[in-house]
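Shown next: upload.cif, containing mmCIF, C-alpha atoms and all ligand atoms.
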```
data_entry
loop_
_atom_site.label_atom_id
_atom_site.label_comp_id
_atom_site.auth_asym_id
_atom_site.auth_seq_id
_atom_site.Cartn_x
_atom_site.Cartn_y
_atom_site.Cartn_z
CA MET P 1 29.82 1.89 26.94
CA LYS P 2 28.43 -1.30 25.61
CA ARG P 3 25.00 -1.11 24.18
CA GLN P 4 22.96 -4.03 23.06
CA ARG P 5 20.94 -3.81 19.95
CA ARG P 6 17.47 -4.90 20.76
CA ASN P 7 16.13 -7.96 19.16
CA LYS P 8 14.42 -6.78 16.01
CA LEU P 9 11.46 -9.03 16.65
CA LYS P 10 10.75 -7.47 19.98
CA TYR P 11 7.87 -5.32 18.88
CA THR P 12 6.43 -7.56 16.26
CA ILE P 13 6.12 -10.78 18.23
CA SER P 14 5.61 -9.14 21.56
CA ASN P 15 2.47 -10.28 23.30
CA ASP P 16 1.71 -6.64 23.81
CA HIS P 17 -1.44 -6.54 21.76
CA HIS P 18 -1.38 -2.80 21.41
CA ARG P 19 2.03 -2.87 19.86
CA ILE P 20 0.88 -5.33 17.26
CA PHE P 21 -2.31 -3.48 16.53
CA PHE P 22 -0.41 -0.25 16.58
CA ASN P 23 1.81 -1.48 13.81
CA LEU P 24 -1.13 -2.89 11.92
CA SER P 25 -3.24 0.16 12.33
CA LEU P 26 -0.67 2.50 10.90
CA TYR P 27 0.54 -0.06 8.41
CA LEU P 28 3.99 1.17 9.26
CA LEU P 29 5.09 -2.40 9.28
CA SER P 30 4.48 -4.34 6.14
CA SER P 31 4.88 -7.76 7.67
CA PHE P 32 5.14 -9.52 10.96
CA GLY P 33 8.50 -10.64 12.19
CA LYS P 34 10.68 -11.89 9.43
CA THR P 35 10.34 -10.58 5.95
CA PRO P 36 8.20 -13.04 3.98
CA TYR P 37 10.13 -15.12 1.51
CA LYS P 38 8.81 -17.43 -1.11
CA LYS P 39 10.73 -20.05 -2.97
CA THR P 40 10.66 -19.97 -6.72
CA GLY P 41 12.75 -22.75 -8.16
CA LYS P 42 16.36 -22.25 -7.19
CA LYS P 43 16.00 -18.64 -6.23
CA THR P 44 14.51 -17.29 -3.06
CA VAL P 45 12.86 -13.96 -3.77
CA LEU P 46 11.16 -11.44 -1.63
CA SER P 47 7.42 -11.54 -1.86
CA GLN P 48 5.72 -8.22 -2.35
CA GLY P 49 6.36 -6.30 0.85
CA SER P 50 3.25 -4.19 1.02
CA SER P 51 -0.15 -3.88 -0.58
CA TRP P 52 0.12 -0.11 -0.90
CA GLY P 53 2.78 2.42 -1.69
CA TYR P 54 3.40 5.61 -3.62
CA SER P 55 3.86 4.27 -7.17
CA ALA P 56 1.40 4.64 -10.04
CA ASP P 57 0.10 1.10 -9.53
CA ASN P 58 -0.34 1.16 -5.74
CA GLY P 59 -0.22 4.87 -4.87
CA PRO P 60 -2.64 7.25 -3.16
CA ASP P 61 -5.10 7.23 -6.10
CA LYS P 62 -5.53 3.47 -5.62
CA TRP P 63 -5.66 3.23 -1.84
CA ALA P 64 -9.44 3.54 -1.53
CA GLU P 65 -9.91 0.38 -3.61
CA LYS P 66 -8.54 -1.73 -0.77
CA TYR P 67 -8.93 0.71 2.12
CA PRO P 68 -12.34 2.40 1.75
CA LEU P 69 -11.70 4.94 4.48
CA CYS P 70 -9.01 6.50 2.28
CA GLY P 71 -11.94 7.78 0.21
CA ALA P 72 -13.88 9.12 3.20
CA SER P 73 -14.70 12.76 3.88
CA SER P 74 -12.24 13.87 6.60
CA GLN P 75 -8.91 12.85 5.15
CA SER P 76 -5.39 14.21 5.56
CA PRO P 77 -3.16 15.89 4.57
CA LEU P 78 -4.56 19.28 3.53
CA ASP P 79 -3.36 22.31 1.66
CA LEU P 80 -3.13 24.92 4.43
CA ASP P 81 -3.28 28.71 4.38
CA VAL P 82 -2.35 30.54 7.56
CA SER P 83 -3.58 33.87 6.17
CA THR P 84 -7.17 32.72 5.67
CA ALA P 85 -7.55 30.24 8.54
CA PRO P 86 -9.89 31.56 11.24
CA ALA P 87 -8.31 32.19 14.61
CA SER P 88 -8.41 29.25 16.96
CA ASN P 89 -10.75 29.68 19.91
CA VAL P 90 -8.67 27.50 22.21
CA THR P 91 -7.45 29.19 25.34
CA GLY P 92 -3.91 27.85 25.64
CA ALA P 93 -0.99 26.63 23.57
CA LEU P 94 -0.44 22.95 22.92
CA GLU P 95 1.71 21.72 25.83
CA PHE P 96 4.66 19.39 25.37
CA ILE P 97 5.42 17.43 28.54
CA GLY P 98 8.59 15.39 28.95
CA TYR P 99 9.86 16.52 25.57
CA GLU P 100 13.04 17.62 27.38
CA THR P 101 13.71 14.12 28.78
CA PRO P 102 16.34 11.97 27.03
CA LEU P 103 14.55 9.14 25.31
CA PRO P 104 16.37 5.88 24.50
CA ALA P 105 15.32 5.14 20.95
CA THR P 106 15.78 3.09 17.82
CA VAL P 107 15.32 3.85 14.16
CA SER P 108 13.98 1.29 11.72
CA GLN P 109 12.64 1.32 8.20
CA ASN P 110 9.75 -0.42 6.52
CA SER P 111 8.26 -0.32 3.03
CA HIS P 112 6.98 3.25 3.50
CA THR P 113 9.14 5.35 5.83
CA PHE P 114 11.63 5.25 8.66
CA THR P 115 10.38 5.38 12.22
CA LEU P 116 11.88 6.40 15.54
CA LYS P 117 10.48 4.58 18.57
CA PRO P 118 11.33 4.61 22.27
CA ILE P 119 13.06 1.51 23.61
CA GLU P 120 10.85 0.18 26.36
CA ALA P 121 12.07 -2.37 28.86
CA LYS P 122 9.72 -5.30 29.24
CA THR P 123 10.78 -6.04 32.80
CA ALA P 124 12.32 -3.99 35.58
CA LYS P 125 15.28 -6.38 35.55
CA LEU P 126 16.34 -4.90 32.23
CA CYS P 127 16.42 -1.46 33.77
CA LEU P 128 19.90 -1.48 35.22
CA LYS P 129 21.30 1.88 34.34
CA GLU P 130 24.90 2.50 33.38
CA GLY P 131 26.26 5.78 34.62
CA SER P 132 23.83 8.60 34.17
CA GLU P 133 22.66 7.66 30.73
CA LYS P 134 19.36 5.91 30.52
CA LEU P 135 19.49 2.91 28.23
CA LEU P 136 15.88 1.84 28.30
CA PHE P 137 12.52 3.31 29.01
CA CYS P 138 11.59 1.55 32.21
CA PRO P 139 8.36 0.61 34.00
CA GLY P 140 7.21 3.68 35.89
CA ASP P 141 8.97 6.09 33.56
CA SER P 142 6.72 8.51 31.74
CA LEU P 143 6.94 8.79 28.00
CA PRO P 144 6.58 12.28 26.55
CA THR P 145 2.99 13.50 26.25
CA ILE P 146 1.00 16.40 24.83
CA LYS P 147 -2.15 18.06 26.12
CA GLY P 148 -4.03 21.36 25.89
CA GLY P 149 -4.34 23.40 22.73
CA SER P 150 -7.15 22.01 20.59
CA LEU P 151 -7.06 18.61 22.29
CA PRO P 152 -10.05 17.60 24.41
CA VAL P 153 -9.87 19.32 27.79
CA GLY P 154 -8.01 17.28 30.40
CA GLU P 155 -7.01 14.46 28.04
CA ILE P 156 -3.41 13.29 27.73
CA PHE P 157 -1.86 11.94 24.54
CA GLU P 158 1.30 9.83 24.85
CA PHE P 159 4.15 9.78 22.33
CA ALA P 160 4.34 6.53 20.37
CA GLN P 161 6.73 7.22 17.48
CA PHE P 162 7.71 9.69 14.84
CA HIS P 163 8.36 9.20 11.16
CA LEU P 164 9.05 11.41 8.16
CA HIS P 165 7.72 11.99 4.68
CA TRP P 166 10.19 13.41 2.16
CA GLY P 167 10.88 14.00 -1.50
CA LYS P 168 13.72 12.95 -3.74
CA ASP P 169 14.59 16.62 -4.21
CA ASP P 170 13.90 19.91 -2.43
CA THR P 171 10.83 20.78 -4.51
CA LYS P 172 8.59 18.18 -2.85
CA GLY P 173 8.20 15.84 0.09
CA SER P 174 5.88 17.34 2.70
CA GLU P 175 2.33 16.01 2.98
CA HIS P 176 0.65 19.20 4.15
CA ARG P 177 1.19 22.15 1.85
CA LEU P 178 1.34 25.85 2.50
CA VAL P 179 -0.81 27.63 -0.08
CA GLY P 180 0.03 24.95 -2.60
CA ALA P 181 3.74 24.81 -1.86
CA MET P 182 5.49 21.68 -0.65
CA LEU P 183 8.52 21.68 1.59
CA PRO P 184 11.29 19.08 1.32
CA ALA P 185 10.08 16.96 4.27
CA GLU P 186 7.61 16.76 7.15
CA ILE P 187 7.86 15.04 10.53
CA HIS P 188 4.85 13.42 12.21
CA LEU P 189 5.09 12.91 15.96
CA VAL P 190 2.30 10.43 16.71
CA HIS P 191 0.54 10.38 20.09
CA TRP P 192 -2.42 8.34 21.39
CA ASN P 193 -5.16 9.25 23.84
CA LYS P 194 -4.31 7.58 27.14
CA LYS P 195 -7.95 7.28 28.14
CA TYR P 196 -8.19 4.33 25.73
CA GLY P 197 -5.45 2.37 27.51
CA ASP P 198 -3.53 1.27 24.43
CA PHE P 199 -2.60 2.58 21.02
CA GLY P 200 -4.63 0.11 19.01
CA THR P 201 -7.88 0.91 20.77
CA ALA P 202 -7.17 4.64 20.51
CA ALA P 203 -6.34 4.52 16.80
CA ALA P 204 -9.86 3.34 16.00
CA GLN P 205 -11.60 6.16 17.91
CA SER P 206 -12.49 9.54 16.47
CA ASP P 207 -10.60 11.24 19.33
CA GLY P 208 -7.88 8.62 19.62
CA LEU P 209 -4.76 10.14 18.09
CA ALA P 210 -2.97 13.48 18.04
CA VAL P 211 -0.22 14.11 15.51
CA VAL P 212 2.21 17.01 15.68
CA GLY P 213 3.65 17.98 12.32
CA PHE P 214 6.58 20.22 11.43
CA PHE P 215 8.00 21.11 8.05
CA TYR P 216 11.70 21.00 7.19
CA GLN P 217 13.50 23.66 5.19
CA VAL P 218 16.93 23.57 3.58
CA ALA P 219 19.63 25.32 5.60
CA ALA P 220 23.27 26.04 4.83
CA SER P 221 24.68 24.05 7.72
CA SER P 222 24.00 20.61 9.09
CA ASN P 223 21.59 20.26 12.05
CA ALA P 224 23.80 18.63 14.69
CA LYS P 225 20.78 17.60 16.76
CA TYR P 226 19.86 15.17 14.02
CA THR P 227 23.29 13.51 13.88
CA PRO P 228 22.35 10.46 16.02
CA ILE P 229 19.28 9.84 13.86
CA LEU P 230 21.13 10.32 10.58
CA ASP P 231 23.97 8.09 11.77
CA GLY P 232 21.36 5.47 12.68
CA LEU P 233 19.77 5.71 9.24
CA LYS P 234 23.15 5.07 7.63
CA LYS P 235 23.30 1.76 9.52
CA LEU P 236 19.95 0.48 8.26
CA PRO P 237 20.60 -2.51 6.03
CA GLY P 238 18.05 -1.49 3.40
CA THR P 239 17.27 -5.14 2.79
CA GLU P 240 15.18 -6.02 5.80
CA ASN P 241 12.14 -4.32 7.27
CA ASN P 242 11.93 -3.42 10.95
CA PHE P 243 15.61 -3.92 11.66
CA GLU P 244 16.08 -1.66 14.66
CA VAL P 245 19.25 0.38 15.09
CA ASP P 246 19.83 1.64 18.61
CA ILE P 247 20.71 5.33 18.39
CA GLY P 248 21.20 6.03 22.10
CA SER P 249 19.11 8.74 23.73
CA ILE P 250 17.50 11.57 21.82
CA THR P 251 15.56 14.52 23.18
CA LEU P 252 12.42 15.36 21.23
CA ASN P 253 12.73 19.07 22.07
CA ASP P 254 16.08 19.14 20.28
CA LEU P 255 14.47 17.96 17.06
CA ILE P 256 11.80 20.64 16.78
CA PRO P 257 12.08 24.45 16.78
CA ALA P 258 12.59 25.86 20.28
CA GLY P 259 9.49 27.47 21.73
CA ALA P 260 7.26 26.68 18.76
CA THR P 261 3.65 27.61 19.53
CA ASP P 262 1.95 28.81 16.35
CA HIS P 263 0.18 26.07 14.48
CA LEU P 264 -2.83 25.11 12.42
CA HIS P 265 -5.22 22.55 13.81
CA TYR P 266 -8.00 20.49 12.30
CA LYS P 267 -9.61 17.07 12.52
CA GLY P 268 -8.39 14.52 9.99
CA SER P 269 -6.93 11.11 9.36
CA LEU P 270 -3.84 8.97 9.11
CA THR P 271 -2.18 9.86 5.81
CA THR P 272 -1.47 6.19 5.07
CA PRO P 273 -3.81 3.21 4.75
CA PRO P 274 -6.07 2.37 6.46
CA CYS P 275 -6.60 6.19 6.65
CA LEU P 276 -8.46 6.03 9.97
CA GLU P 277 -10.20 9.34 10.73
CA SER P 278 -8.93 9.48 14.28
CA VAL P 279 -6.40 12.31 14.27
CA PHE P 280 -6.27 15.73 15.89
CA TRP P 281 -3.79 17.40 13.54
CA ASN P 282 -1.46 20.14 14.80
CA VAL P 283 0.78 21.45 12.01
CA PHE P 284 3.31 24.00 13.20
CA THR P 285 4.54 26.92 11.11
CA ASP P 286 8.09 27.23 12.53
CA LYS P 287 10.34 25.07 10.39
CA ILE P 288 13.17 22.68 11.16
CA ASP P 289 16.51 23.23 9.41
CA LEU P 290 18.34 20.44 7.64
CA SER P 291 21.22 20.80 5.20
CA ASP P 292 21.35 19.20 1.78
CA ALA P 293 23.81 16.68 3.20
CA ASP P 294 21.37 15.85 6.04
CA LEU P 295 18.53 15.42 3.55
CA ALA P 296 20.76 13.24 1.38
CA VAL P 297 21.07 10.76 4.24
CA ILE P 298 17.28 10.58 4.56
CA ARG P 299 16.96 10.21 0.79
CA GLY P 300 19.36 7.30 1.02
CA VAL P 301 16.96 5.21 3.09
CA THR P 302 15.65 2.30 1.05
CA ASP P 303 12.92 -0.27 1.41
CA GLU P 304 13.46 -4.00 1.76
CA THR P 305 14.04 -4.33 -1.97
CA GLY P 306 16.70 -1.61 -2.02
CA LYS P 307 14.35 0.94 -3.65
CA SER P 308 14.48 4.51 -2.41
CA LEU P 309 11.68 5.51 -0.04
CA SER P 310 11.77 9.12 -1.29
CA ASP P 311 8.49 10.69 -2.47
CA ASN P 312 6.53 8.91 0.27
CA TYR P 313 3.93 11.66 0.55
CA ARG P 314 0.18 11.69 -0.01
CA PRO P 315 -1.22 14.71 -1.88
CA PRO P 316 -3.72 17.08 -0.22
CA GLN P 317 -7.25 15.79 0.32
CA PRO P 318 -10.57 17.64 -0.04
CA LEU P 319 -11.52 19.86 2.89
CA ASN P 320 -15.20 18.82 2.63
CA GLY P 321 -16.52 21.58 4.86
CA ARG P 322 -14.01 21.18 7.65
CA THR P 323 -12.43 24.24 9.23
CA VAL P 324 -8.70 24.60 9.77
CA TYR P 325 -7.95 26.95 12.68
CA SER P 326 -4.85 29.03 13.23
CA PHE P 327 -3.42 29.23 16.72
CA LYS P 328 -1.09 32.15 17.37
CA LYS P 329 0.41 32.91 20.73
CA ALA P 330 -1.01 36.13 22.11
ZN ZN P 401 3.02 10.50 8.56
#
```
As structure tokens:
Amino acid sequence: MKRQRRNKLKYTISNDHHRIFFNLSLYLLSSFGKTPYKKTGKKTVLSQGSSWGYSADNGPDKWAEKYPLCGASSQSPLDLDVSTAPASNVTGALEFIGYETPLPATVSQNSHTFTLKPIEAKTAKLCLKEGSEKLLFCPGDSLPTIKGGSLPVGEIFEFAQFHLHWGKDDTKGSEHRLVGAMLPAEIHLVHWNKKYGDFGTAAAQSDGLAVVGFFYQVAASSNAKYTPILDGLKKLPGTENNFEVDIGSITLNDLIPAGATDHLHYKGSLTTPPCLESVFWNVFTDKIDLSDADLAVIRGVTDETGKSLSDNYRPPQPLNGRTVYSFKKA
């Protein structure tokens, strides 16, 4: 079956304001459209891709200088402890809706992480389907959503993208910690509150975003469900931000532990600048298996200068009087 790679500029120069603000608000894109170049004599060199990162000179300790909210009082991630967290008083589990539906998706990388996003058709004309496989997310289709759990009663949060944080070796990589311990990687499935109409508006509200986090652990055998994503990562050029590789359809349920319910929840922030304090955090305790070979593919992802993106995690932030609750299925 022939599959067209989407134009890489589709999101960035789309007139969909929310897409643009979305990218800005998470700073998951370091530049609009083409990578900025500047001429210096005979050589054309890349200008600095991003104003923040994870190095000594631009890392988490420096973020608040340019992004004051990164120094605010309800920041993420946190060091979590299931054994001491008070029991959640919510009545039901967090519900995942449409997580079983195949989702046509791309992977792309920027200066900070790699991101998986649904491929959305801009017009119904693009929605011709070949065989039974869906190639695009079409007008009228529903993206996956979450609701219930600790989220505001009756409000629906729609899936926008997921991305990972990981270390260069197994001793580090996750953003949240479990009683001080890091795991090799952590996935963040980002959702926005549909009552705000678009991602950008939602991201600036205190109840605008809901992120679902899972930790990864090292397993003996490869996780076959991740093969399309890992194969997509191998095709990233590593020299250009936001180059989107079409990976076919993935099913979100396949990527997370089956039947996961137990999680910790608290109110926090984006873990990257501008550190907006708009996130209902839901960090699950069941872990996702990846082999060393799987993790090696992720560790091979590079930024636009060819530098490894590994160690793209922010350390735990002060609790500042917040309570982290533990939800366990009765
Ligand atoms: Zn994240």
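All residues that come within 12 Å of the coordinates (-13.5, 6.0, 1.2), counting all atoms listed in the file, are given as P:Pro60, P:Asp61, P:Lys62, P:Trp63, P:Ala64, P:Glu65, P:Lys66, P:Tyr67, P:Pro68, P:Leu69, P:Cys70, P:Gly71, P:Ala72, P:Ser73, P:Ser74, P:Gln75, P:Ser269, P:Pro273, P:Pro274, P:Cys275, P:Leu276, P:Glu277, P:Gln317.
For the residues P:Gln217, P:Ser278, P:Ser83, P:Asn312, ranking by smallest atom-to-atom distance to ligand ZN 401 (chain P) using all atoms listed in the file places P:Asn312 first.
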Name each residue within 9 Å of ligand ZN 401 (chain P), counting all atoms listed in the file, as number ranges by chain. P: 113, 162-165, 175, 186-190, 211, 213, 270-272, 313
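Of note, atom CA of Gly208 of chain P and atom CA of Ala258 of chain P are spaced 26.8 Å apart.
When all atoms listed in the file are used to measure the gap to Asn282 of chain P, the shortest distance among P:Asn110, P:Gln161, P:Ser150, P:Asn253 belongs to P:Ser150.
Minimum atom-to-atom distances from P:Arg314, P:Lys172, P:Lys235, P:Lys225 to Ser108 of chain P were compared using all atoms listed in the file, and the lowest value belongs to P:Lys235.
A straight line drawn from atom CA of Asp254 of chain P to atom CA of Leu103 of chain P is 11.3 Å long.
Among the candidates P:Ala260, P:Ile250, P:Leu309, P:Thr323, the residue lying nearest to Tyr54 of chain P is P:Leu309 (atoms considered: all atoms listed in the file).
Using all atoms listed in the file, the nearest neighbour of Phe157 of chain P within the list P:Phe114, P:Phe137, P:Tyr226, P:Phe96 is P:Phe96.
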Could you pull the residues within 9 Å of Ala160 of chain P, counting all atoms listed in the file, minus those fewer than 3 positions along the same chain, as a PyMOL selection string? chain P and resi 116-118+143-144+189-192+199
